[in-house]
file start.txt (compact mmCIF, N, CA and C atoms)
# COMPACT_ATOMS: atom_id res chain seq x y z
N GLN A 1186 0.83 -1.19 0.00
CA GLN A 1186 0.00 0.00 0.00
C GLN A 1186 0.87 1.25 0.00
N VAL A 1187 0.26 2.34 -0.39
CA VAL A 1187 0.97 3.61 -0.38
C VAL A 1187 0.02 4.67 0.15
N GLN A 1188 0.54 5.58 0.94
CA GLN A 1188 -0.24 6.71 1.44
C GLN A 1188 0.29 7.98 0.82
N LEU A 1189 -0.64 8.88 0.49
CA LEU A 1189 -0.28 10.07 -0.25
C LEU A 1189 -0.70 11.32 0.50
N ALA A 1190 0.12 12.36 0.43
CA ALA A 1190 -0.19 13.62 1.10
C ALA A 1190 0.18 14.77 0.18
N GLU A 1191 -0.85 15.52 -0.24
CA GLU A 1191 -0.63 16.67 -1.12
C GLU A 1191 -0.34 17.93 -0.31
N SER A 1192 0.36 18.86 -0.92
CA SER A 1192 0.61 20.17 -0.33
C SER A 1192 0.86 21.16 -1.45
N GLY A 1193 0.83 22.44 -1.10
CA GLY A 1193 1.18 23.47 -2.05
C GLY A 1193 0.02 24.25 -2.63
N GLY A 1194 -1.20 23.88 -2.28
CA GLY A 1194 -2.33 24.63 -2.79
C GLY A 1194 -2.42 26.01 -2.16
N GLY A 1195 -3.31 26.83 -2.70
CA GLY A 1195 -3.49 28.16 -2.15
C GLY A 1195 -4.33 29.03 -3.04
N LEU A 1196 -4.38 30.31 -2.69
CA LEU A 1196 -5.13 31.31 -3.44
C LEU A 1196 -4.16 32.17 -4.23
N VAL A 1197 -4.36 32.22 -5.53
CA VAL A 1197 -3.50 33.00 -6.40
C VAL A 1197 -4.36 33.78 -7.39
N GLN A 1198 -3.70 34.68 -8.11
CA GLN A 1198 -4.40 35.44 -9.14
C GLN A 1198 -4.19 34.78 -10.50
N ALA A 1199 -5.07 35.10 -11.41
CA ALA A 1199 -4.94 34.58 -12.77
C ALA A 1199 -3.58 34.99 -13.34
N GLY A 1200 -2.91 34.03 -13.98
CA GLY A 1200 -1.60 34.27 -14.54
C GLY A 1200 -0.45 33.85 -13.63
N ASP A 1201 -0.76 33.65 -12.36
CA ASP A 1201 0.28 33.24 -11.41
C ASP A 1201 0.62 31.76 -11.57
N SER A 1202 1.59 31.34 -10.78
CA SER A 1202 2.04 29.95 -10.79
C SER A 1202 1.93 29.35 -9.39
N LEU A 1203 1.80 28.04 -9.34
CA LEU A 1203 1.82 27.27 -8.10
C LEU A 1203 2.50 25.95 -8.38
N ARG A 1204 3.12 25.39 -7.36
CA ARG A 1204 3.66 24.04 -7.48
C ARG A 1204 3.05 23.17 -6.40
N LEU A 1205 2.36 22.16 -6.82
CA LEU A 1205 1.81 21.18 -5.90
C LEU A 1205 2.82 20.05 -5.71
N SER A 1206 2.84 19.53 -4.49
CA SER A 1206 3.68 18.38 -4.18
C SER A 1206 2.80 17.26 -3.64
N CYS A 1207 3.26 16.05 -3.84
CA CYS A 1207 2.57 14.89 -3.28
C CYS A 1207 3.64 13.93 -2.78
N ALA A 1208 3.68 13.74 -1.48
CA ALA A 1208 4.65 12.84 -0.86
C ALA A 1208 4.00 11.49 -0.62
N ALA A 1209 4.73 10.44 -0.96
CA ALA A 1209 4.22 9.08 -0.82
C ALA A 1209 5.01 8.31 0.23
N SER A 1210 4.30 7.46 0.95
CA SER A 1210 4.96 6.58 1.91
C SER A 1210 5.39 5.31 1.18
N GLY A 1211 6.19 4.49 1.86
CA GLY A 1211 6.55 3.21 1.28
C GLY A 1211 7.89 3.22 0.58
N ARG A 1212 8.41 2.01 0.35
CA ARG A 1212 9.75 1.88 -0.22
C ARG A 1212 9.74 1.46 -1.68
N THR A 1213 8.55 1.33 -2.26
CA THR A 1213 8.47 0.88 -3.65
C THR A 1213 7.81 1.93 -4.53
N PHE A 1214 8.09 3.17 -4.23
CA PHE A 1214 7.45 4.29 -4.94
C PHE A 1214 7.66 4.19 -6.44
N ASP A 1215 8.81 3.73 -6.88
CA ASP A 1215 9.07 3.70 -8.32
C ASP A 1215 8.34 2.56 -9.03
N ASN A 1216 7.51 1.82 -8.30
CA ASN A 1216 6.63 0.82 -8.92
C ASN A 1216 5.26 1.39 -9.25
N TYR A 1217 5.08 2.68 -8.94
CA TYR A 1217 3.76 3.29 -9.09
C TYR A 1217 3.78 4.39 -10.15
N ALA A 1218 2.86 4.29 -11.08
CA ALA A 1218 2.54 5.45 -11.90
C ALA A 1218 1.74 6.40 -11.01
N MET A 1219 1.86 7.68 -11.30
CA MET A 1219 1.19 8.69 -10.48
C MET A 1219 0.31 9.58 -11.34
N GLY A 1220 -0.74 10.06 -10.72
CA GLY A 1220 -1.66 10.93 -11.45
C GLY A 1220 -2.13 12.09 -10.60
N TRP A 1221 -2.54 13.14 -11.27
CA TRP A 1221 -3.22 14.27 -10.64
C TRP A 1221 -4.62 14.37 -11.26
N PHE A 1222 -5.59 14.54 -10.39
CA PHE A 1222 -6.96 14.76 -10.80
C PHE A 1222 -7.47 15.99 -10.06
N ARG A 1223 -8.55 16.57 -10.54
CA ARG A 1223 -9.11 17.73 -9.85
C ARG A 1223 -10.63 17.70 -9.91
N GLN A 1224 -11.21 18.34 -8.90
CA GLN A 1224 -12.67 18.43 -8.85
C GLN A 1224 -13.06 19.85 -8.51
N ALA A 1225 -13.73 20.49 -9.44
CA ALA A 1225 -14.24 21.84 -9.25
C ALA A 1225 -15.61 21.77 -8.59
N PRO A 1226 -16.03 22.85 -7.94
CA PRO A 1226 -17.35 22.85 -7.30
C PRO A 1226 -18.46 22.53 -8.28
N GLY A 1227 -19.29 21.57 -7.91
CA GLY A 1227 -20.42 21.20 -8.75
C GLY A 1227 -20.09 20.36 -9.96
N LYS A 1228 -18.83 19.95 -10.07
CA LYS A 1228 -18.42 19.16 -11.23
C LYS A 1228 -17.83 17.83 -10.80
N GLU A 1229 -17.75 16.91 -11.74
CA GLU A 1229 -17.14 15.63 -11.45
C GLU A 1229 -15.61 15.76 -11.46
N ARG A 1230 -14.98 14.85 -10.75
CA ARG A 1230 -13.52 14.84 -10.74
C ARG A 1230 -13.01 14.47 -12.14
N GLU A 1231 -11.94 15.15 -12.56
CA GLU A 1231 -11.42 14.94 -13.90
C GLU A 1231 -9.91 14.75 -13.89
N PHE A 1232 -9.45 14.10 -14.91
CA PHE A 1232 -8.01 13.84 -15.10
C PHE A 1232 -7.29 15.14 -15.41
N VAL A 1233 -6.10 15.30 -14.81
CA VAL A 1233 -5.24 16.45 -15.10
C VAL A 1233 -3.95 16.00 -15.78
N ALA A 1234 -3.24 15.08 -15.13
CA ALA A 1234 -1.95 14.65 -15.66
C ALA A 1234 -1.56 13.32 -15.04
N ALA A 1235 -0.67 12.62 -15.74
CA ALA A 1235 -0.15 11.35 -15.23
C ALA A 1235 1.31 11.23 -15.62
N ILE A 1236 2.04 10.42 -14.86
CA ILE A 1236 3.46 10.24 -15.12
C ILE A 1236 3.81 8.78 -14.92
N SER A 1237 4.73 8.30 -15.74
CA SER A 1237 5.13 6.89 -15.66
C SER A 1237 5.98 6.64 -14.43
N ARG A 1238 6.27 5.38 -14.18
CA ARG A 1238 7.04 5.00 -13.00
C ARG A 1238 8.39 5.69 -12.94
N SER A 1239 9.03 5.80 -14.07
CA SER A 1239 10.37 6.39 -14.10
C SER A 1239 10.33 7.90 -14.24
N GLY A 1240 9.19 8.43 -14.65
CA GLY A 1240 9.10 9.86 -14.93
C GLY A 1240 9.46 10.20 -16.36
N GLY A 1241 9.77 9.19 -17.15
CA GLY A 1241 10.19 9.45 -18.51
C GLY A 1241 9.07 9.76 -19.47
N SER A 1242 7.84 9.50 -19.06
CA SER A 1242 6.70 9.77 -19.92
C SER A 1242 5.58 10.40 -19.13
N THR A 1243 4.91 11.35 -19.76
CA THR A 1243 3.80 12.04 -19.11
C THR A 1243 2.61 12.14 -20.07
N SER A 1244 1.46 12.40 -19.47
CA SER A 1244 0.23 12.61 -20.23
C SER A 1244 -0.54 13.73 -19.57
N TYR A 1245 -1.15 14.60 -20.38
CA TYR A 1245 -1.86 15.75 -19.85
C TYR A 1245 -3.25 15.88 -20.47
N ALA A 1246 -4.16 16.42 -19.69
CA ALA A 1246 -5.44 16.81 -20.24
C ALA A 1246 -5.22 17.99 -21.18
N ASP A 1247 -6.04 18.09 -22.20
CA ASP A 1247 -5.88 19.18 -23.17
C ASP A 1247 -5.98 20.54 -22.50
N SER A 1248 -6.79 20.64 -21.46
CA SER A 1248 -7.03 21.93 -20.81
C SER A 1248 -5.80 22.46 -20.08
N VAL A 1249 -4.84 21.61 -19.78
CA VAL A 1249 -3.65 22.06 -19.04
C VAL A 1249 -2.36 21.90 -19.84
N LYS A 1250 -2.46 21.28 -20.98
CA LYS A 1250 -1.26 21.02 -21.79
C LYS A 1250 -0.56 22.33 -22.14
N GLY A 1251 0.75 22.35 -21.94
CA GLY A 1251 1.52 23.55 -22.21
C GLY A 1251 1.61 24.50 -21.03
N ARG A 1252 0.76 24.31 -20.02
CA ARG A 1252 0.79 25.18 -18.83
C ARG A 1252 1.25 24.42 -17.58
N PHE A 1253 0.92 23.14 -17.50
CA PHE A 1253 1.27 22.33 -16.33
C PHE A 1253 2.39 21.37 -16.70
N THR A 1254 3.25 21.10 -15.72
CA THR A 1254 4.33 20.13 -15.90
C THR A 1254 4.35 19.19 -14.71
N PHE A 1255 4.30 17.91 -15.02
CA PHE A 1255 4.30 16.87 -14.00
C PHE A 1255 5.68 16.24 -13.95
N SER A 1256 6.25 16.15 -12.75
CA SER A 1256 7.57 15.54 -12.60
C SER A 1256 7.60 14.72 -11.33
N ARG A 1257 8.62 13.92 -11.18
CA ARG A 1257 8.75 13.10 -9.98
C ARG A 1257 10.21 12.96 -9.60
N ASP A 1258 10.42 12.77 -8.30
CA ASP A 1258 11.75 12.50 -7.75
C ASP A 1258 11.62 11.21 -6.96
N ASN A 1259 12.00 10.10 -7.56
CA ASN A 1259 11.81 8.81 -6.90
C ASN A 1259 12.69 8.66 -5.66
N ALA A 1260 13.79 9.38 -5.61
CA ALA A 1260 14.65 9.32 -4.42
C ALA A 1260 13.97 9.96 -3.21
N LYS A 1261 13.05 10.89 -3.49
CA LYS A 1261 12.33 11.58 -2.41
C LYS A 1261 10.89 11.11 -2.25
N ASN A 1262 10.50 10.12 -3.05
CA ASN A 1262 9.12 9.62 -3.00
C ASN A 1262 8.11 10.75 -3.19
N THR A 1263 8.39 11.63 -4.10
CA THR A 1263 7.56 12.82 -4.26
C THR A 1263 7.32 13.10 -5.73
N VAL A 1264 6.12 13.56 -6.03
CA VAL A 1264 5.80 14.07 -7.35
C VAL A 1264 5.41 15.53 -7.23
N TYR A 1265 5.57 16.23 -8.35
CA TYR A 1265 5.31 17.66 -8.38
C TYR A 1265 4.43 18.01 -9.58
N LEU A 1266 3.54 18.96 -9.38
CA LEU A 1266 2.77 19.50 -10.48
C LEU A 1266 3.02 21.00 -10.53
N GLN A 1267 3.83 21.41 -11.49
CA GLN A 1267 4.09 22.83 -11.69
C GLN A 1267 2.99 23.40 -12.54
N MET A 1268 2.28 24.38 -12.01
CA MET A 1268 1.13 24.96 -12.71
C MET A 1268 1.44 26.42 -13.01
N ASN A 1269 1.55 26.73 -14.29
CA ASN A 1269 1.83 28.10 -14.73
C ASN A 1269 0.63 28.68 -15.45
N SER A 1270 0.63 30.00 -15.58
CA SER A 1270 -0.45 30.69 -16.31
C SER A 1270 -1.82 30.22 -15.84
N LEU A 1271 -2.00 30.22 -14.55
CA LEU A 1271 -3.24 29.70 -13.98
C LEU A 1271 -4.43 30.55 -14.39
N LYS A 1272 -5.55 29.87 -14.55
CA LYS A 1272 -6.80 30.50 -14.95
C LYS A 1272 -7.87 30.26 -13.89
N PRO A 1273 -8.88 31.11 -13.82
CA PRO A 1273 -9.95 30.87 -12.85
C PRO A 1273 -10.58 29.48 -12.99
N GLU A 1274 -10.63 28.96 -14.19
CA GLU A 1274 -11.22 27.64 -14.41
C GLU A 1274 -10.34 26.50 -13.89
N ASP A 1275 -9.15 26.82 -13.44
CA ASP A 1275 -8.30 25.81 -12.79
C ASP A 1275 -8.65 25.64 -11.32
N THR A 1276 -9.53 26.49 -10.81
CA THR A 1276 -9.94 26.39 -9.42
C THR A 1276 -10.59 25.05 -9.15
N ALA A 1277 -10.05 24.33 -8.16
CA ALA A 1277 -10.54 22.98 -7.86
C ALA A 1277 -9.76 22.43 -6.67
N VAL A 1278 -10.25 21.33 -6.15
CA VAL A 1278 -9.45 20.53 -5.23
C VAL A 1278 -8.64 19.56 -6.08
N TYR A 1279 -7.34 19.56 -5.86
CA TYR A 1279 -6.44 18.72 -6.64
C TYR A 1279 -6.04 17.50 -5.82
N TYR A 1280 -6.18 16.33 -6.45
CA TYR A 1280 -5.89 15.06 -5.79
C TYR A 1280 -4.73 14.36 -6.47
N CYS A 1281 -3.86 13.83 -5.65
CA CYS A 1281 -2.78 12.98 -6.11
C CYS A 1281 -3.25 11.53 -6.00
N ALA A 1282 -2.84 10.70 -6.96
CA ALA A 1282 -3.26 9.30 -6.95
C ALA A 1282 -2.12 8.41 -7.41
N ALA A 1283 -2.13 7.16 -6.95
CA ALA A 1283 -1.06 6.21 -7.28
C ALA A 1283 -1.65 4.92 -7.82
N SER A 1284 -0.93 4.36 -8.79
CA SER A 1284 -1.37 3.11 -9.42
C SER A 1284 -0.18 2.17 -9.56
N PHE A 1285 -0.21 1.04 -8.89
CA PHE A 1285 0.89 0.08 -9.01
C PHE A 1285 0.90 -0.49 -10.43
N ARG A 1286 2.08 -0.47 -11.04
CA ARG A 1286 2.19 -0.94 -12.41
C ARG A 1286 3.36 -1.92 -12.53
N SER A 1287 3.12 -3.03 -13.19
CA SER A 1287 4.20 -4.00 -13.42
C SER A 1287 5.02 -3.63 -14.64
N THR A 1288 4.50 -2.74 -15.47
CA THR A 1288 5.23 -2.27 -16.64
C THR A 1288 5.25 -0.75 -16.65
N TYR A 1289 6.13 -0.20 -17.47
CA TYR A 1289 6.23 1.27 -17.53
C TYR A 1289 5.09 1.89 -18.33
N TYR A 1290 4.57 1.13 -19.30
CA TYR A 1290 3.52 1.68 -20.15
C TYR A 1290 2.40 0.66 -20.29
N PRO A 1291 1.17 1.09 -20.58
CA PRO A 1291 0.76 2.48 -20.76
C PRO A 1291 0.60 3.21 -19.44
N ILE A 1292 0.54 4.52 -19.49
CA ILE A 1292 0.33 5.34 -18.30
C ILE A 1292 -1.17 5.42 -18.03
N PRO A 1293 -1.60 5.07 -16.85
CA PRO A 1293 -3.03 5.14 -16.56
C PRO A 1293 -3.52 6.58 -16.49
N THR A 1294 -4.68 6.82 -17.07
CA THR A 1294 -5.26 8.17 -17.07
C THR A 1294 -6.70 8.20 -16.57
N ARG A 1295 -7.23 7.05 -16.22
CA ARG A 1295 -8.62 6.99 -15.77
C ARG A 1295 -8.68 6.74 -14.27
N GLN A 1296 -9.67 7.34 -13.64
CA GLN A 1296 -9.74 7.32 -12.18
C GLN A 1296 -9.78 5.90 -11.62
N HIS A 1297 -10.50 5.02 -12.28
CA HIS A 1297 -10.66 3.67 -11.74
C HIS A 1297 -9.35 2.87 -11.77
N GLU A 1298 -8.36 3.39 -12.47
CA GLU A 1298 -7.05 2.72 -12.51
C GLU A 1298 -6.19 3.09 -11.31
N TYR A 1299 -6.66 4.01 -10.50
CA TYR A 1299 -5.89 4.49 -9.36
C TYR A 1299 -6.57 4.10 -8.06
N PRO A 1300 -6.06 3.13 -7.35
CA PRO A 1300 -6.68 2.72 -6.10
C PRO A 1300 -6.29 3.55 -4.88
N TYR A 1301 -5.21 4.32 -5.00
CA TYR A 1301 -4.71 5.07 -3.85
C TYR A 1301 -4.83 6.56 -4.12
N TRP A 1302 -5.39 7.28 -3.14
CA TRP A 1302 -5.67 8.70 -3.30
C TRP A 1302 -5.25 9.48 -2.07
N GLY A 1303 -4.83 10.72 -2.30
CA GLY A 1303 -4.59 11.63 -1.21
C GLY A 1303 -5.87 12.34 -0.81
N GLN A 1304 -5.75 13.23 0.18
CA GLN A 1304 -6.92 13.94 0.70
C GLN A 1304 -7.27 15.17 -0.15
N GLY A 1305 -6.34 15.62 -0.95
CA GLY A 1305 -6.61 16.77 -1.81
C GLY A 1305 -6.08 18.06 -1.24
N THR A 1306 -5.81 19.00 -2.13
CA THR A 1306 -5.38 20.34 -1.74
C THR A 1306 -6.11 21.35 -2.61
N GLN A 1307 -6.59 22.41 -1.98
CA GLN A 1307 -7.42 23.40 -2.68
C GLN A 1307 -6.55 24.38 -3.46
N VAL A 1308 -6.92 24.59 -4.69
CA VAL A 1308 -6.31 25.63 -5.51
C VAL A 1308 -7.42 26.58 -5.95
N THR A 1309 -7.24 27.85 -5.64
CA THR A 1309 -8.22 28.86 -6.01
C THR A 1309 -7.53 29.94 -6.81
N VAL A 1310 -8.05 30.20 -8.00
CA VAL A 1310 -7.47 31.21 -8.89
C VAL A 1310 -8.49 32.31 -9.07
N SER A 1311 -8.14 33.50 -8.63
CA SER A 1311 -9.05 34.63 -8.76
C SER A 1311 -8.78 35.39 -10.06
N SER A 1312 -9.83 35.99 -10.58
CA SER A 1312 -9.69 36.72 -11.86
C SER A 1312 -9.31 38.17 -11.64
call {"tool": "encode", "arguments": {"input": "start.txt", "output": "C-alpha cells"}}
result
Amino acid sequence: QVQLAESGGGLVQAGDSLRLSCAASGRTFDNYAMGWFRQAPGKEREFVAAISRSGGSTSYADSVKGRFTFSRDNAKNTVYLQMNSLKPEDTAVYYCAASFRSTYYPIPTRQHEYPYWGQGTQVTVSS
C-alpha cells in the first residue's frame, strides 16, 4: 500500500504559478505510476496529468497542456505538479493518486485505474 499527502495549494491570481507536491509513503514508490486529478465545485472529478514509474513519460489533459508540468523524484518519494499561467477555471481541489504498475507503459489516465488517493489540496485562482 501507499499513502499520499498533497501540499502546495493556495489562493493566487490569474496568470500566477503554483507548485503542488505529493509525498508518498513506502519503499516501492518507483513501482507506481502517479496521477493528478481535480474536482471543481459542482463538477465531477477529472483527469489532469499522469506520469510513468520512471518519470520518462507524461500525459496531460488538453485543458492544461503547455501550462502544467508533471515531474517526480523517486529518491524523495515525491511528485510535483508545476502549474503556470493559472486561470480561474483551474480552481478545484487537486488530488494525487497512485497506481501500481508491473510495466512502464501504458500510463493510466482513468480514475478507476488508481486505487490510492490523497486527501486533496485546494487551488483557487481569482480573476
call {"tool": "closest_residue", "arguments": {"input": "start.txt", "among": "A:Pro1226, A:Gly1211, A:Pro1273, A:Gly1220", "to": "A:Phe1255", "atoms": "only C-alpha atoms"}}
result
A:Gly1220
call {"tool": "closest_residue", "arguments": {"input": "start.txt", "among": "A:Thr1309, A:Gln1188, A:Ser1202, A:Ser1239", "to": "A:Asp1275", "atoms": "all atoms listed in the file"}}
result
A:Thr1309
call {"tool": "residues_near_point", "arguments": {"input": "start.txt", "point": "(-0.6, 3.1, -11.3)", "cutoff": "6.5 Å", "atoms": "all atoms listed in the file", "output": "compact mmCIF listing (two decimals) with N, CA and C atoms, in the frame of the given file"}}
result
# COMPACT_ATOMS: atom_id res chain seq x y z
N ASN A 1216 7.51 1.82 -8.30
CA ASN A 1216 6.63 0.82 -8.92
C ASN A 1216 5.26 1.39 -9.25
N TYR A 1217 5.08 2.68 -8.94
CA TYR A 1217 3.76 3.29 -9.09
C TYR A 1217 3.78 4.39 -10.15
N ALA A 1218 2.86 4.29 -11.08
CA ALA A 1218 2.54 5.45 -11.90
C ALA A 1218 1.74 6.40 -11.01
N MET A 1219 1.86 7.68 -11.30
CA MET A 1219 1.19 8.69 -10.48
C MET A 1219 0.31 9.58 -11.34
N ALA A 1283 -2.13 7.16 -6.95
CA ALA A 1283 -1.06 6.21 -7.28
C ALA A 1283 -1.65 4.92 -7.82
N SER A 1284 -0.93 4.36 -8.79
CA SER A 1284 -1.37 3.11 -9.42
C SER A 1284 -0.18 2.17 -9.56
N PHE A 1285 -0.21 1.04 -8.89
CA PHE A 1285 0.89 0.08 -9.01
C PHE A 1285 0.90 -0.49 -10.43
N ARG A 1286 2.08 -0.47 -11.04
CA ARG A 1286 2.19 -0.94 -12.41
C ARG A 1286 3.36 -1.92 -12.53
N PRO A 1293 -1.60 5.07 -16.85
CA PRO A 1293 -3.03 5.14 -16.56
C PRO A 1293 -3.52 6.58 -16.49
N GLU A 1298 -8.36 3.39 -12.47
CA GLU A 1298 -7.05 2.72 -12.51
C GLU A 1298 -6.19 3.09 -11.31
N TYR A 1299 -6.66 4.01 -10.50
CA TYR A 1299 -5.89 4.49 -9.36
C TYR A 1299 -6.57 4.10 -8.06
call {"tool": "select_by_dssp", "arguments": {"input": "start.txt", "residues": "stretch 1212-1274 of chain A", "states": "helix (DSSP H, G or I)", "output": "PyMOL selection string"}}
result
chain A and resi 1214-1216+1273-1274
call {"tool": "residues_around", "arguments": {"input": "start.txt", "residues": "A:Gln1304", "least_positions_apart": "2", "cutoff": "9 Å", "atoms": "only C-alpha atoms", "output": "mmCIF file with N, CA and C atoms, keeping the file's coordinate frame"}}
result
data_model
loop_
_atom_site.group_PDB
_atom_site.id
_atom_site.type_symbol
_atom_site.label_atom_id
_atom_site.label_comp_id
_atom_site.auth_asym_id
_atom_site.auth_seq_id
_atom_site.Cartn_x
_atom_site.Cartn_y
_atom_site.Cartn_z
ATOM 1 N N LEU A 1189 -0.640 8.880 0.490
ATOM 2 C CA LEU A 1189 -0.280 10.070 -0.250
ATOM 3 C C LEU A 1189 -0.700 11.320 0.500
ATOM 4 N N ALA A 1190 0.120 12.360 0.430
ATOM 5 C CA ALA A 1190 -0.190 13.620 1.100
ATOM 6 C C ALA A 1190 0.180 14.770 0.180
ATOM 7 N N GLU A 1191 -0.850 15.520 -0.240
ATOM 8 C CA GLU A 1191 -0.630 16.670 -1.120
ATOM 9 C C GLU A 1191 -0.340 17.930 -0.310
ATOM 10 N N TYR A 1279 -7.340 19.560 -5.860
ATOM 11 C CA TYR A 1279 -6.440 18.720 -6.640
ATOM 12 C C TYR A 1279 -6.040 17.500 -5.820
ATOM 13 N N TYR A 1280 -6.180 16.330 -6.450
ATOM 14 C CA TYR A 1280 -5.890 15.060 -5.790
ATOM 15 C C TYR A 1280 -4.730 14.360 -6.470
ATOM 16 N N CYS A 1281 -3.860 13.830 -5.650
ATOM 17 C CA CYS A 1281 -2.780 12.980 -6.110
ATOM 18 C C CYS A 1281 -3.250 11.530 -6.000
ATOM 19 N N TRP A 1302 -5.390 7.280 -3.140
ATOM 20 C CA TRP A 1302 -5.670 8.700 -3.300
ATOM 21 C C TRP A 1302 -5.250 9.480 -2.070
ATOM 22 N N THR A 1306 -5.810 19.000 -2.130
ATOM 23 C CA THR A 1306 -5.380 20.340 -1.740
ATOM 24 C C THR A 1306 -6.110 21.350 -2.610
#
call {"tool": "closest_residue", "arguments": {"input": "start.txt", "among": "A:Gln1224, A:Ser1192, A:Gln1296, A:Gln1186", "to": "A:Arg1204", "atoms": "only N, CA and C atoms"}}
result
A:Ser1192
call {"tool": "residues_around", "arguments": {"input": "start.txt", "residues": "A:Phe1232", "least_positions_apart": "6", "cutoff": "8 Å", "atoms": "only N, CA and C atoms", "output": "PyMOL selection string"}}
result
chain A and resi 1220-1224+1245-1247+1294-1296
call {"tool": "closest_residue", "arguments": {"input": "start.txt", "among": "A:His1297, A:Ser1210, A:Gly1241, A:Thr1254", "to": "A:Leu1266", "atoms": "only N, CA and C atoms"}}
result
A:Thr1254
call {"tool": "atom_distance", "arguments": {"input": "start.txt", "atom1": "atom N of A:Tyr1301", "atom2": "atom C of A:Asp1201"}}
result
28.8 Å
call {"tool": "closest_residue", "arguments": {"input": "start.txt", "among": "A:Val1249, A:Ala1225, A:Ala1235, A:Val1264", "to": "A:Leu1205", "atoms": "all atoms listed in the file"}}
result
A:Val1264
call {"tool": "residues_near_point", "arguments": {"input": "start.txt", "point": "(3.5, 9.0, -19.6)", "cutoff": "8 Å", "atoms": "all atoms listed in the file", "output": "PDB file with N, CA and C atoms, in the frame of the given file"}}
result
ATOM      1  N   ALA A1235      -0.670  12.620 -15.740  1.00  0.00           N
ATOM      2  CA  ALA A1235      -0.150  11.350 -15.230  1.00  0.00           C
ATOM      3  C   ALA A1235       1.310  11.230 -15.620  1.00  0.00           C
ATOM      4  N   ILE A1236       2.040  10.420 -14.860  1.00  0.00           N
ATOM      5  CA  ILE A1236       3.460  10.240 -15.120  1.00  0.00           C
ATOM      6  C   ILE A1236       3.810   8.780 -14.920  1.00  0.00           C
ATOM      7  N   SER A1237       4.730   8.300 -15.740  1.00  0.00           N
ATOM      8  CA  SER A1237       5.130   6.890 -15.660  1.00  0.00           C
ATOM      9  C   SER A1237       5.980   6.640 -14.430  1.00  0.00           C
ATOM     10  N   ARG A1238       6.270   5.380 -14.180  1.00  0.00           N
ATOM     11  CA  ARG A1238       7.040   5.000 -13.000  1.00  0.00           C
ATOM     12  C   ARG A1238       8.390   5.690 -12.940  1.00  0.00           C
ATOM     13  N   GLY A1240       9.190   8.430 -14.650  1.00  0.00           N
ATOM     14  CA  GLY A1240       9.100   9.860 -14.930  1.00  0.00           C
ATOM     15  C   GLY A1240       9.460  10.200 -16.360  1.00  0.00           C
ATOM     16  N   GLY A1241       9.770   9.190 -17.150  1.00  0.00           N
ATOM     17  CA  GLY A1241      10.190   9.450 -18.510  1.00  0.00           C
ATOM     18  C   GLY A1241       9.070   9.760 -19.470  1.00  0.00           C
ATOM     19  N   SER A1242       7.840   9.500 -19.060  1.00  0.00           N
ATOM     20  CA  SER A1242       6.700   9.770 -19.920  1.00  0.00           C
ATOM     21  C   SER A1242       5.580  10.400 -19.130  1.00  0.00           C
ATOM     22  N   THR A1243       4.910  11.350 -19.760  1.00  0.00           N
ATOM     23  CA  THR A1243       3.800  12.040 -19.110  1.00  0.00           C
ATOM     24  C   THR A1243       2.610  12.140 -20.070  1.00  0.00           C
ATOM     25  N   SER A1244       1.460  12.400 -19.470  1.00  0.00           N
ATOM     26  CA  SER A1244       0.230  12.610 -20.230  1.00  0.00           C
ATOM     27  C   SER A1244      -0.540  13.730 -19.570  1.00  0.00           C
ATOM     28  N   TYR A1245      -1.150  14.600 -20.380  1.00  0.00           N
ATOM     29  CA  TYR A1245      -1.860  15.750 -19.850  1.00  0.00           C
ATOM     30  C   TYR A1245      -3.250  15.880 -20.470  1.00  0.00           C
ATOM     31  N   TYR A1289       6.130  -0.200 -17.470  1.00  0.00           N
ATOM     32  CA  TYR A1289       6.230   1.270 -17.530  1.00  0.00           C
ATOM     33  C   TYR A1289       5.090   1.890 -18.330  1.00  0.00           C
ATOM     34  N   TYR A1290       4.570   1.130 -19.300  1.00  0.00           N
ATOM     35  CA  TYR A1290       3.520   1.680 -20.150  1.00  0.00           C
ATOM     36  C   TYR A1290       2.400   0.660 -20.290  1.00  0.00           C
ATOM     37  N   PRO A1291       1.170   1.090 -20.580  1.00  0.00           N
ATOM     38  CA  PRO A1291       0.760   2.480 -20.760  1.00  0.00           C
ATOM     39  C   PRO A1291       0.600   3.210 -19.440  1.00  0.00           C
ATOM     40  N   ILE A1292       0.540   4.520 -19.490  1.00  0.00           N
ATOM     41  CA  ILE A1292       0.330   5.340 -18.300  1.00  0.00           C
ATOM     42  C   ILE A1292      -1.170   5.420 -18.030  1.00  0.00           C
ATOM     43  N   PRO A1293      -1.600   5.070 -16.850  1.00  0.00           N
ATOM     44  CA  PRO A1293      -3.030   5.140 -16.560  1.00  0.00           C
ATOM     45  C   PRO A1293      -3.520   6.580 -16.490  1.00  0.00           C
TER      46      PRO A1293
END
call {"tool": "atom_distance", "arguments": {"input": "start.txt", "atom1": "atom N of A:Glu1231", "atom2": "atom CA of A:Gly1195"}}
result
18.7 Å
call {"tool": "atom_distance", "arguments": {"input": "start.txt", "atom1": "atom N of A:Val1187", "atom2": "atom CA of A:Ser1248"}}
result
29.2 Å
call {"tool": "residues_around", "arguments": {"input": "start.txt", "residues": "A:Arg1252", "least_positions_apart": "6", "cutoff": "9 Å", "atoms": "only C-alpha atoms", "output": "list in words"}}
result
Gln1267, Met1268, Asn1269, Ser1270 and Leu1271 of chain A
call {"tool": "residues_around", "arguments": {"input": "start.txt", "residues": "A:Ala1260", "least_positions_apart": "6", "cutoff": "10 Å", "atoms": "only C-alpha atoms", "output": "PyMOL selection string"}}
result
chain A and resi 1212+1214-1215
call {"tool": "select_by_dssp", "arguments": {"input": "start.txt", "residues": "chain A", "states": "strand (DSSP E)", "output": "MDAnalysis selection string"}}
result
chainID A and resid 1189:1192 1195:1198 1203:1209 1217:1224 1231:1236 1243:1245 1253:1258 1263:1268 1277:1285 1301:1302 1306:1311
call {"tool": "closest_residue", "arguments": {"input": "start.txt", "among": "A:Val1310, A:Leu1196, A:Leu1203, A:Val1233", "to": "A:Glu1274", "atoms": "only N, CA and C atoms"}}
result
A:Val1310
